[in-house]
Every structure is written in C-alpha cells, then in structure tokens.
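These notes are about the structure you will find just below.
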Amino acid sequence: MTSFVLNGKSVQVDVDPATPLLWVLRESFGLTGTKYGCGMALCGACTVHLDGEAIRSCVAPLARVEGKHVKTIEGLSNDLSHPLQKAWIEIDVPQCGYCQSGQIMSAAVLLSKIAKPTDTDIDEAMSGNICRCGTYPRIRRAIHRAAELAGGKTAATNERSGDVPTTEVAR
Amino acid sequence: MSAQATLDRRAFLKTGAAAGGGLVIAFYVPALSAQEQKPKPEAIAPFAYIKIASDEKVTIVANHSEMGQGVYTSLPMLLNEELEADWSKIRVEAAPVDAIYNHPIFGIQMTGGSTTTAAEWDHYRKLGAAGRMVLVEAAAQKWNVPASSCHVEKGFVIHAATSRKASYGSLVDAASKLAVPADIPLKEPKNFTLIGKPTRRLDTPPKTNGTAQFGLDVVVPGMMTAVIARCPVLGGKVLGFDATEAQQVPGVKAVLQVPTGVAVMAEGFWPAKLGRDKLKVKWDEGDNASLSTTKMLSDFSAQSASPGAIAKKVGDPQSAMASASKKIVAEYDVPYLAHAMMEPLNCVVDLKDDSCEIWTGTQFETVDRANAAKAAGLSPEKVKINTTLLGGGFGRRANPASDFVVEAVQVAKVAKAPVKVVWTREDDMQGGWYRPMWHDRFAAGLDASGNPIAWTHTIVGQSIMAGTLFESFGIKNGIDSASVEGAADILYGIPNLQVDLHSPKIGVPVQWWRSVGHSHTGFSVEAFLDEVAHAGGKDPYQLRQNLLAKQPRMLAVLNLAAQKAGWGKPLARGVGRGIATHFSFDSYVAQVIEASVTKDGTVRVHRVVCAVDCGRVVNPDTVKAQMEGGINFGLTAALKTEITFENGRVQQSNFNDYPMLRMFEAPIIEVFIVPSEEKPTGVGEPSVPPVAPALTNAIFAATGKRIRRLPIHASDLVEKRGANS
C-alpha cells in the first residue's frame, strides 16, 4: 500500500510500487489529464508536481511518491482560475491539446520559482515538453501573460515573445 | 453500377477538381455502397446538426474531427452566423457515423485534405439558416403573425410590433416538425457578425484543466488493456510464441494471437506492457526482411536517370534544354517520416454478438466503420463509432486500411471482453504508414539572360493510393496525383516543362502526412528554383516575381512576405535569408526565413515571416495558429526527423532518435493574412511545404552550401565551412 497526498487529499493505493506514477494516476485514480506520450521522460506530456517540483510521471515509480505531495493538472484549480489557465485561454494556446497538461504543469513550476521569467528562463524550463502541433510561440506568450496576471504590472518585453505577429484581415 | 451511382462519381470528380488537388479525387471507395458515400449537398437537415435544449444550450454536431485545427470552433461559427443563437450557449459534439454527416465534397465522413472549411462553407451556413427559418416560422404560427414580421436575436425570436419574444428552446419542438424551406438565402458577407472575427476556441478550457477526452482516456466497464507484440519487420507474421513468463506478470489476463501479432491483455497498461516485454515470439519476417535505406537511396537515384510516366508536359522541354545557354541539374532526397502525433494510436472496442461499439480519435469514420464491420463480421449499421478528440492526426488517423481500428476489433474478438488497444510510442513510430521517401531529379535550361526556359523533374517514390481502396480512382495513367502535386501544377511561368514519375513498389506501408505530396515537392521545387536563380545571376525573390507575373494571388503573398521580412535589408553577420512559395490545398503561401549555422553545423532559425491567402477567413486566429504550427512541424521535418531501415527494421523508436523541435529552437513567427473575398481554402496543411526550402535557401545565403537532402545533417554543413575557411 502506498500513501501520498494527491491534489490536496490523502490517498492510499494498492498497486505494485514499481508501477510508473503516470499509470496509477490515470488508471487507479481516473485522473486522465496527465498524458502518456513516450514512456521515457522525453516529451513531458506526463508532467506532474512532486512536492512542488516538476517530474515526469511516466518514469517515476509509485514508491517514489510515498508520503509526498503530488499535484496533477486536475489539482491546479477547480475553476480555470490559475493564471496559467487564464492566459492559456486568453491566447488560445492549445491545438490538439494533448501535450498541454504537461506544458501547463511545467510552466507552473517555473512561475513558482521565477515570478517574471525571461525568454531564456522559459527555454530552460519548457524545453523538456514537446508540442507536435508547434504551439511554442503561444506557450511563450502565455507564460509571460500569466506572470503578468499573477501580479507583475509591466508587460514582458522579451525580444522573442513581444506580441510581434500582426494579423492583417480587413473586414 | 447503377446509373445514379455513376452520375455521383462524375459529380465527385467535377466538384473535386474544382475544390483542388489530387486528394479530392481519391475518395471514391469502391468497397462502400453508393448509399454510404453519397454526398448530400441538397439535403439540408438542420436538426441532425443542431440540438437545442430546454435550458437554451445549443449543441452543434461536428461532422469533422477536431485534431487541433480548430474546426470545433469554426464549424459552429459558420452555423451560428445564420442561426444566431447566443454564442455563449454553444456546445459541440462529434457526429455519429451516418451518411447525413458525409463530407459534402468527398461523399464519405472524414476529415482531411485541409478541406473542412472549404467543404462546409455553404453547408453549415445553410444548416444554421434553415434552423433559424423554421424557428421563426414556429413562432410566427404560434403568434399567428407573418414570419416576415419577426426577427431573431441571440437565441430568441422576437415580434417587435407586439413586444413578444420566444426562446429557441421553447420553439424547437414545433420547429423540428416543420418542413425545411427549399430556398435558403444566406447573409451577405458584409453583414457577418461572427465570420472573420477572431473568436476564442470552444475547446480551449477543457484542454487546460485535463478534462478534454482523447481516445486514450476512454474507459469502458470491464475493459482490459492490450499491448500487441508486432513483428519488427513490417508485414511479418507470427510463427509461434511462448507466453509462460508473460502470463506470470501480475495483472496479465490473457496472451492471445491476433492477425497482426500477439496481444497481451491485462487489467491496465503497465502489466500489459511488462507482459509483452516477457513474451517470446518467433517471427516469419517475410518479404521486407532485407529493406535497407542505403539501397533504396541508390535505387531511387538510378531510377531517376530515365524519365517515368509523364504527369505533365508543356511546350518542348527537350529542344528547349538543348538550346539553353546554361544547364543545371540536381538531385534531392527526403526520407520516410512518421506522423508522431503526441497521442499514440489507440482504440477501444466493445464487441458483442450483434453489435460493435468503438471509441477512437479518427479522421476516417466511414472507412473505419466499413473495415471494422468486415473484421467483426457484422453489417456496417451494427458498428457504432464514437469519435473522441484526436491528440494530433496529421493524416495518420485517416488510414485506408483502418489499421489501428481493425486490429482492435480483432483483439476484441479473441478477448471476448471490451478492450483498449494501446500503442506505445515505439509501436506507433515503428508501425509503418509513413510519408513516402522521395527522390527528385531536376534539370533546368536557362537562356542568355538567366531565365529558366526548360524544366524537367523526375520523381521517384511510392504511391500512396496503390494497393488501397482508392487505387482505381486515385491513379490515372500510372500517375498517383498525390505523388506529383506541387510539381506538375507549379504556378511559375516556365514555357517548356516536363514532370514524370516512377512509383516503385516497396513493402513499406505509406500514407498521407500533413501536406502529402507537397511535403516533398514544396521542398525540392523551391530549393531547385533557388539554384536556378543563383545560376542565372538573379535575386531569388525577383526571379519568383518575374515567373509569377500571371499569378496575381501568389504574387501578392510573395510580395507581402518579402516586404514584411525586409527582403534585401542587411542582416547580422552570418545570418542568411531564404524565400519560398507554395500553392497547395488551393491556398497561396510565401515564407521568408532568417537562419544561421554554428561552427558545429547546428542550424539556428531566427525568424519566419509567413504570408497566406486562403480566401475568406472564418477565424483569423485559427489561421494564424495553423500557420505557426505548420511552420514548426515543417521545421522538425527539415531539421530533425527521418525513418530509416536496416535489415528490414526501422532504426528509430522514440523521441530520442526521432527528435522534435523544442521550445528553445522555436523561432519567432510572424503571420500575415491577405484579405480576400474568394471562397475559403485550406489552412491546416499549406504552411508546411515552403518551410524546408525557405530554410535551406537561407542556409545557402548564409553559408554558400546547398542542402539537397532532408533532414539537414550537421555533417553536410561542417564539411563545407571547413573547406571554405
């Protein structure tokens, strides 16, 4: 039996402790927001928080979370109120959406450590998360926007993420 | 074949040709009945697509799958432009499989070819208008007033003269009993309130809190999870297997042979995978056991030395070539590519004696239903498909053989329980159905002023249609239109031209991959044109301008991209600028890329400027997103990925050896949309083809090195720099 705190609630689960946390979350707890993408910590789709740090749950054995706090995308907020969720919706980041739970969970750890990340900070924190749809420019903008929503006043003026694109559609 | 069916086939061809490209004529499926694939543009059935609840929630049924391209927002926008329900009350759900949900052009239910908006542009607006008209009629009858004296506003029918109003929800029962009018007038574009306005996607909120349901998230009571051991050589068969150790893994329920391999079934994914790891299978590797990419490369090149089947001939290229002042030749190679959707393939099947229910993210409902029915031994009406969200598609989930669906039905047959078949990343990457490997051999003859007067292009690569249900319709006179699209129909005014094709038969299953044939012709044609410009002493932008004099729409996007990119303005030391255009899926795209190469041969992409003319735009932000995404998708192909074979085995397995573009490599992308009142055209794919050539042309500008094979190898760049320094 493994005991840990999952999204703020104490839980116990009777699964082989060598099982990757990803499959325990998805199949024992029904928390399917955390995704399987590679099984080798290469794509970041399975990113969750372990005691506030981003981990790849596809390679983390259940035993590793004994007595610790695990947070999944479902635990980020009840009502889409997290600044990252607000920014993701405002900027319409997702396309297929499959990688986005992992993207948001990685970004959440970044913002918890660096309130106003630079583009270099974003490159470092987010390069473990693959998006096949190629939403990177929007993820970058949305992280800056979330930082702003979370309390910063001045807009990010980073070179790589200024709101450069101008959509010209005359109507 | 009945006269009616023959007529329908001609109608597909005609409409198809008008709607653009080789893909369109491909979708006649002889194995399906005429009824199953009959297009129904004439049958406007609003309440098959619109459900209005008593709480005024409006559910719009989407007959196309959402795989990231935004159709779960753009289809409701089209419909509600005319229905005029309260946008905040709109929901979307996937259509079940039924002929009423067929693609208006292709005549089967499917998503692909960048056609959703083009095909549904009139249909969804008419559905909305018809719905509104009968709702108004129902209110008018109730109030005993003329319908013309009523108007609608945000989900209400209003009779202003008597200050009466009734909600759509209160009228829908009566309205659904009324006949749909024969004449359904549509709004003038100048009166649009939704179409053309940047509109937030309806599917974003569930994609930010983990509630969006993909195929892999589906749970059916009593379900087992299956992982399949498949032959490491594509097409190989099981000779025998030893499941002793696999069966000892706790949680493993059964190990059973299926046509594609051996299925390990367990109470969850992990025990199923562990069980498979313990399985010992003896394979008959079959005909593909000696497949070798090295050999294929030399075979393709040798084949390209002589012309193939003629796909296009203009003027007299041979004589013009002979009379040219200067002649240049070049050969290009691109590899097999996997789609590598973030969500690996999966499919849930609940098979009973007289029914089969399927849950999966698919682009190909009608075909999947027919193939699943055959595998299950049931008639198609007994098969129900629930289309979930797709964690990426890129063409892989429109499989002509329905490989991942049929296999799951076969597993369910032996499992005798509901089953979810999960492909690991490795299974997905090594499972075949790749973008074909291509070889392109060019020759160009230039006149004394450096203008191209002769152009020959020999293409070598497997046919996607050959051997599929689509063969009889997709291949004409030995030409698979998908093999030569983007080459046989180039817009450049070159007076003497020949494009010909060899279609070698190789045992690698191949499939459409985002932008299909354009994914290789876009690269090779635009890269070679850059060589022509250089050989003729011309600026590559100006040469394109000259050759596009009679193509005003392409000329406009070319000029827009060049202007926004600051073509001709000085760049930082070591940075080069490349330009490319490509016409695909009836849309016009031009891109300018700024790139540099580090000492170790690493390519840095700094900035991509993209101009697009895709006709009238429904949701500008979606168009922009698709351009951004397609550019990053194209960069991954240009810089990183290839599927290669040795001893019949695929050499790549996961994102370590089939790497994707990552955040730190993703360039600044600027997208500019040309305002247009033409009919909407493709958006999901057209930004992919110009990326690779714009990049390699930029690399040439920066380093003087021509890249003629993809992906770009650092070794190709380091050598040259060494030699120069």
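Labels used: A, B, ... for chains in the order of the structure tokens, numbers from 1 for residues in each chain, and numbers from 1 for ligands as shown.
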Can I get the residues of chain B within 6 Å of chain A, each with the closest pair of atoms and their distance in Å to one decimal, using only C-alpha atoms, sorted chain first then ascending number, as a Markdown table?
```
| residue | atom | partner | partner_atom | distance |
| --- | --- | --- | --- | --- |
| B:Met67 | CA | A:Cys96 | CA | 4.9 |
| B:Gly68 | CA | A:Cys96 | CA | 3.5 |
| B:Thr204 | CA | A:Ile89 | CA | 5.9 |
| B:Lys207 | CA | A:Gly97 | CA | 5.4 |
| B:Thr208 | CA | A:Gln85 | CA | 5.9 |
| B:Asn209 | CA | A:Glu74 | CA | 5.8 |
| B:Gly210 | CA | A:Gly33 | CA | 3.7 |
| B:Asp217 | CA | A:Thr32 | CA | 5.8 |
| B:Met342 | CA | A:Gly37 | CA | 5.7 |
| B:Gly391 | CA | A:Tyr98 | CA | 5.0 |
| B:Gly392 | CA | A:Cys96 | CA | 5.5 |
| B:Arg425 | CA | A:Cys38 | CA | 5.2 |
| B:Gly629 | CA | A:Gly134 | CA | 4.2 |
| B:Asn632 | CA | A:Gly134 | CA | 5.1 |
| B:Arg662 | CA | A:Ser127 | CA | 5.5 |
| B:Met663 | CA | A:Ser127 | CA | 4.9 |
| B:Phe664 | CA | A:Asp123 | CA | 4.7 |
| B:Glu670 | CA | A:Pro165 | CA | 4.5 |
| B:Val671 | CA | A:Pro165 | CA | 5.9 |
| B:Phe672 | CA | A:Thr167 | CA | 5.3 |
| B:Ile673 | CA | A:Glu168 | CA | 5.4 |
| B:Pro675 | CA | A:Val169 | CA | 5.1 |
```
Just to be explicit: take each residue in the selection above, keep N, CA and C atoms, and write the result as a PDB file, in the first residue's frame.
```pdb
ATOM      1  N   MET B  67      -8.674  17.829 -34.423  1.00  0.00           N
ATOM      2  CA  MET B  67      -7.332  17.308 -34.150  1.00  0.00           C
ATOM      3  C   MET B  67      -6.354  18.447 -33.911  1.00  0.00           C
ATOM      4  N   GLY B  68      -6.921  19.595 -33.578  1.00  0.00           N
ATOM      5  CA  GLY B  68      -6.074  20.752 -33.304  1.00  0.00           C
ATOM      6  C   GLY B  68      -6.284  21.892 -34.269  1.00  0.00           C
ATOM      7  N   THR B 204     -10.716  25.193 -25.871  1.00  0.00           N
ATOM      8  CA  THR B 204      -9.539  25.527 -25.058  1.00  0.00           C
ATOM      9  C   THR B 204      -9.742  25.250 -23.564  1.00  0.00           C
ATOM     10  N   LYS B 207      -9.061  21.846 -22.503  1.00  0.00           N
ATOM     11  CA  LYS B 207      -7.682  21.458 -22.806  1.00  0.00           C
ATOM     12  C   LYS B 207      -6.686  22.125 -21.861  1.00  0.00           C
ATOM     13  N   THR B 208      -7.197  22.894 -20.873  1.00  0.00           N
ATOM     14  CA  THR B 208      -6.295  23.487 -19.894  1.00  0.00           C
ATOM     15  C   THR B 208      -6.544  22.974 -18.483  1.00  0.00           C
ATOM     16  N   ASN B 209      -7.525  22.081 -18.323  1.00  0.00           N
ATOM     17  CA  ASN B 209      -7.739  21.545 -16.971  1.00  0.00           C
ATOM     18  C   ASN B 209      -7.809  20.022 -16.925  1.00  0.00           C
ATOM     19  N   GLY B 210      -7.426  19.400 -18.006  1.00  0.00           N
ATOM     20  CA  GLY B 210      -7.337  17.942 -18.000  1.00  0.00           C
ATOM     21  C   GLY B 210      -8.639  17.222 -18.295  1.00  0.00           C
ATOM     22  N   ASP B 217      -8.124   8.186 -23.162  1.00  0.00           N
ATOM     23  CA  ASP B 217      -8.749   8.434 -21.859  1.00  0.00           C
ATOM     24  C   ASP B 217     -10.059   7.676 -21.669  1.00  0.00           C
ATOM     25  N   MET B 342       1.259  13.370 -30.750  1.00  0.00           N
ATOM     26  CA  MET B 342       1.602  13.248 -29.321  1.00  0.00           C
ATOM     27  C   MET B 342       0.819  12.121 -28.650  1.00  0.00           C
ATOM     28  N   GLY B 391      -5.500  13.477 -30.358  1.00  0.00           N
ATOM     29  CA  GLY B 391      -4.246  14.081 -29.891  1.00  0.00           C
ATOM     30  C   GLY B 391      -3.260  14.188 -31.029  1.00  0.00           C
ATOM     31  N   GLY B 392      -3.672  14.912 -32.055  1.00  0.00           N
ATOM     32  CA  GLY B 392      -2.919  15.028 -33.300  1.00  0.00           C
ATOM     33  C   GLY B 392      -3.379  13.984 -34.293  1.00  0.00           C
ATOM     34  N   ARG B 425       4.802   4.421 -27.675  1.00  0.00           N
ATOM     35  CA  ARG B 425       5.438   5.344 -28.630  1.00  0.00           C
ATOM     36  C   ARG B 425       6.257   4.564 -29.654  1.00  0.00           C
ATOM     37  N   GLY B 629       1.834  26.590 -36.345  1.00  0.00           N
ATOM     38  CA  GLY B 629       2.027  25.174 -36.060  1.00  0.00           C
ATOM     39  C   GLY B 629       2.621  24.434 -37.243  1.00  0.00           C
ATOM     40  N   ASN B 632       6.359  25.137 -37.508  1.00  0.00           N
ATOM     41  CA  ASN B 632       7.168  24.351 -36.573  1.00  0.00           C
ATOM     42  C   ASN B 632       7.187  22.869 -36.953  1.00  0.00           C
ATOM     43  N   ARG B 662      11.973  21.751 -30.242  1.00  0.00           N
ATOM     44  CA  ARG B 662      11.618  22.097 -28.864  1.00  0.00           C
ATOM     45  C   ARG B 662      11.578  23.617 -28.669  1.00  0.00           C
ATOM     46  N   MET B 663      11.099  24.004 -27.494  1.00  0.00           N
ATOM     47  CA  MET B 663      10.902  25.430 -27.217  1.00  0.00           C
ATOM     48  C   MET B 663      12.131  26.279 -27.526  1.00  0.00           C
ATOM     49  N   PHE B 664      13.312  25.812 -27.096  1.00  0.00           N
ATOM     50  CA  PHE B 664      14.498  26.670 -27.251  1.00  0.00           C
ATOM     51  C   PHE B 664      14.905  26.836 -28.711  1.00  0.00           C
ATOM     52  N   GLU B 670       5.991  35.292 -37.691  1.00  0.00           N
ATOM     53  CA  GLU B 670       5.065  36.398 -37.958  1.00  0.00           C
ATOM     54  C   GLU B 670       4.167  35.980 -39.118  1.00  0.00           C
ATOM     55  N   VAL B 671       2.869  36.088 -38.902  1.00  0.00           N
ATOM     56  CA  VAL B 671       1.914  35.628 -39.918  1.00  0.00           C
ATOM     57  C   VAL B 671       1.099  36.810 -40.432  1.00  0.00           C
ATOM     58  N   PHE B 672       0.971  36.886 -41.739  1.00  0.00           N
ATOM     59  CA  PHE B 672       0.171  37.941 -42.357  1.00  0.00           C
ATOM     60  C   PHE B 672      -0.844  37.312 -43.303  1.00  0.00           C
ATOM     61  N   ILE B 673      -2.095  37.669 -43.111  1.00  0.00           N
ATOM     62  CA  ILE B 673      -3.164  37.089 -43.921  1.00  0.00           C
ATOM     63  C   ILE B 673      -3.608  38.120 -44.959  1.00  0.00           C
ATOM     64  N   PRO B 675      -6.165  39.840 -47.111  1.00  0.00           N
ATOM     65  CA  PRO B 675      -7.626  39.932 -47.124  1.00  0.00           C
ATOM     66  C   PRO B 675      -8.168  39.425 -48.460  1.00  0.00           C
TER      67      PRO B 675
END
```
For this session: Skip Ile52 in chain B itself and residues of its chain fewer than 3 positions away, then list as a list in words all residues within 10 Å of it, counting only C-alpha atoms.
Result: Phe47, Asp55, Glu56, Lys57, Val58, Thr59, Ile60, Ala85, Lys89, Ile90, Gly155, Tyr168, Gly169, Ser170, Leu171, Val172 and Asp173 of chain B
Exercise. DSSP says alpha helix (DSSP H) for which residues of range 88-145 of chain A? Put them as number ranges by chain?
Worked result: A: 88-91, 100-113, 119-126, 136-145
For this session: Name the residues in contact with Arg64 in chain A at a cut-off of 12 Å, using only C-alpha atoms, excluding same-chain residues fewer than 3 positions from it; report them as a list of chain:residue names.
Result: A:Thr2, A:Ser3, A:Phe4, A:Pro17, A:Ala18, A:Thr19, A:Pro20, A:Leu21, A:Leu50, A:Asp51, A:Ile55, A:Arg56, A:Ser57, A:Val59, A:Ala60, A:Pro61, A:Gly67, A:Lys68, A:His69, A:Val70
Taking C-alpha atoms for each residue, export the selection above as an mmCIF file, in the first residue's frame.
```cif
data_model
loop_
_atom_site.group_PDB
_atom_site.id
_atom_site.type_symbol
_atom_site.label_atom_id
_atom_site.label_comp_id
_atom_site.auth_asym_id
_atom_site.auth_seq_id
_atom_site.Cartn_x
_atom_site.Cartn_y
_atom_site.Cartn_z
ATOM 1 C CA THR A 2 1.384 3.390 -0.983
ATOM 2 C CA SER A 3 0.143 6.524 0.776
ATOM 3 C CA PHE A 4 0.556 10.035 -0.515
ATOM 4 C CA PRO A 17 5.082 0.205 -6.182
ATOM 5 C CA ALA A 18 7.314 -0.186 -9.238
ATOM 6 C CA THR A 19 4.437 0.933 -11.483
ATOM 7 C CA PRO A 20 5.073 4.354 -13.003
ATOM 8 C CA LEU A 21 3.036 7.032 -11.253
ATOM 9 C CA LEU A 50 6.075 16.160 -6.668
ATOM 10 C CA ASP A 51 6.479 18.367 -3.610
ATOM 11 C CA ILE A 55 8.616 15.374 -12.569
ATOM 12 C CA ARG A 56 7.911 13.063 -15.487
ATOM 13 C CA SER A 57 5.423 10.641 -14.034
ATOM 14 C CA VAL A 59 9.346 7.139 -15.278
ATOM 15 C CA ALA A 60 8.630 7.844 -11.602
ATOM 16 C CA PRO A 61 7.813 4.632 -9.754
ATOM 17 C CA GLY A 67 4.396 10.291 1.916
ATOM 18 C CA LYS A 68 4.768 13.142 -0.552
ATOM 19 C CA HIS A 69 2.516 15.662 -2.256
ATOM 20 C CA VAL A 70 1.530 15.045 -5.866
#
```
For this session: Using only C-alpha atoms, determine which residues lie at most 7 Å from range 538-549 of chain B, disregarding the query and same-chain residues fewer than 3 positions distant; provide the list as number ranges by chain.
Result: B: 491-493, 530, 533-534, 552, 555, 579
Selected residues written out with N, CA and C atoms, as an mmCIF file, in the first residue's frame:
```
data_model
loop_
_atom_site.group_PDB
_atom_site.id
_atom_site.type_symbol
_atom_site.label_atom_id
_atom_site.label_comp_id
_atom_site.auth_asym_id
_atom_site.auth_seq_id
_atom_site.Cartn_x
_atom_site.Cartn_y
_atom_site.Cartn_z
ATOM 1 N N LEU B 491 3.048 27.072 -60.311
ATOM 2 C CA LEU B 491 2.444 28.292 -60.845
ATOM 3 C C LEU B 491 3.432 29.130 -61.659
ATOM 4 N N TYR B 492 4.691 28.781 -61.602
ATOM 5 C CA TYR B 492 5.711 29.587 -62.286
ATOM 6 C C TYR B 492 5.582 29.455 -63.804
ATOM 7 N N GLY B 493 5.733 30.563 -64.478
ATOM 8 C CA GLY B 493 5.600 30.580 -65.932
ATOM 9 C C GLY B 493 6.884 30.131 -66.616
ATOM 10 N N ASP B 530 15.780 28.056 -56.385
ATOM 11 C CA ASP B 530 16.813 28.915 -55.814
ATOM 12 C C ASP B 530 18.153 28.675 -56.522
ATOM 13 N N ALA B 533 17.957 30.467 -59.795
ATOM 14 C CA ALA B 533 18.164 31.904 -59.623
ATOM 15 C C ALA B 533 19.650 32.207 -59.508
ATOM 16 N N HIS B 534 20.297 31.410 -58.675
ATOM 17 C CA HIS B 534 21.731 31.628 -58.450
ATOM 18 C C HIS B 534 22.517 31.430 -59.752
ATOM 19 N N PRO B 552 -1.628 36.514 -59.912
ATOM 20 C CA PRO B 552 -1.721 37.675 -59.013
ATOM 21 C C PRO B 552 -1.832 37.309 -57.523
ATOM 22 N N LEU B 555 1.583 36.139 -56.366
ATOM 23 C CA LEU B 555 2.475 37.299 -56.412
ATOM 24 C C LEU B 555 2.224 38.209 -55.200
ATOM 25 N N ILE B 579 13.809 32.444 -49.282
ATOM 26 C CA ILE B 579 12.405 32.685 -49.628
ATOM 27 C C ILE B 579 11.854 31.484 -50.376
#
```
Problem set entry | range 561-577 of chain B environment, 7 Å, only C-alpha atoms, sequence neighbours closer than 2 positions dropped, as number ranges by chain | B: 557-559, 579, 590-596, 609-611, 698-699, 701-702
Those residues you just picked out, can you put them in a file as a compact mmCIF listing (two decimals), in the first residue's frame with C-alpha atoms?
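Everything below was put into selection-v2.txt:
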```
# COMPACT_ATOMS: atom_id res chain seq x y z
CA VAL B 557 1.62 36.80 -50.92
CA LEU B 558 5.19 36.71 -52.22
CA ASN B 559 5.42 40.47 -52.15
CA ILE B 579 12.41 32.69 -49.63
CA ALA B 590 5.04 32.52 -49.12
CA GLN B 591 7.66 32.42 -46.40
CA VAL B 592 10.92 34.17 -45.68
CA ILE B 593 13.25 32.59 -43.14
CA GLU B 594 16.31 34.04 -41.44
CA ALA B 595 18.82 31.42 -40.29
CA SER B 596 22.45 30.90 -39.41
CA VAL B 609 7.70 35.52 -41.91
CA CYS B 610 4.66 33.90 -43.48
CA ALA B 611 2.05 35.37 -45.80
CA ALA B 698 18.55 30.82 -46.14
CA ILE B 699 21.36 28.42 -45.25
CA ALA B 701 22.58 32.57 -48.40
CA ALA B 702 24.40 32.31 -45.08
```
Problem set entry | Selected residue of minimal separation from Gln109 in chain B among B:Ile707, B:Val152, B:Val674, B:Ala398, counting only C-alpha atoms |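 Selected residue with least distance to Gln109 in chain B: B:Ala398.
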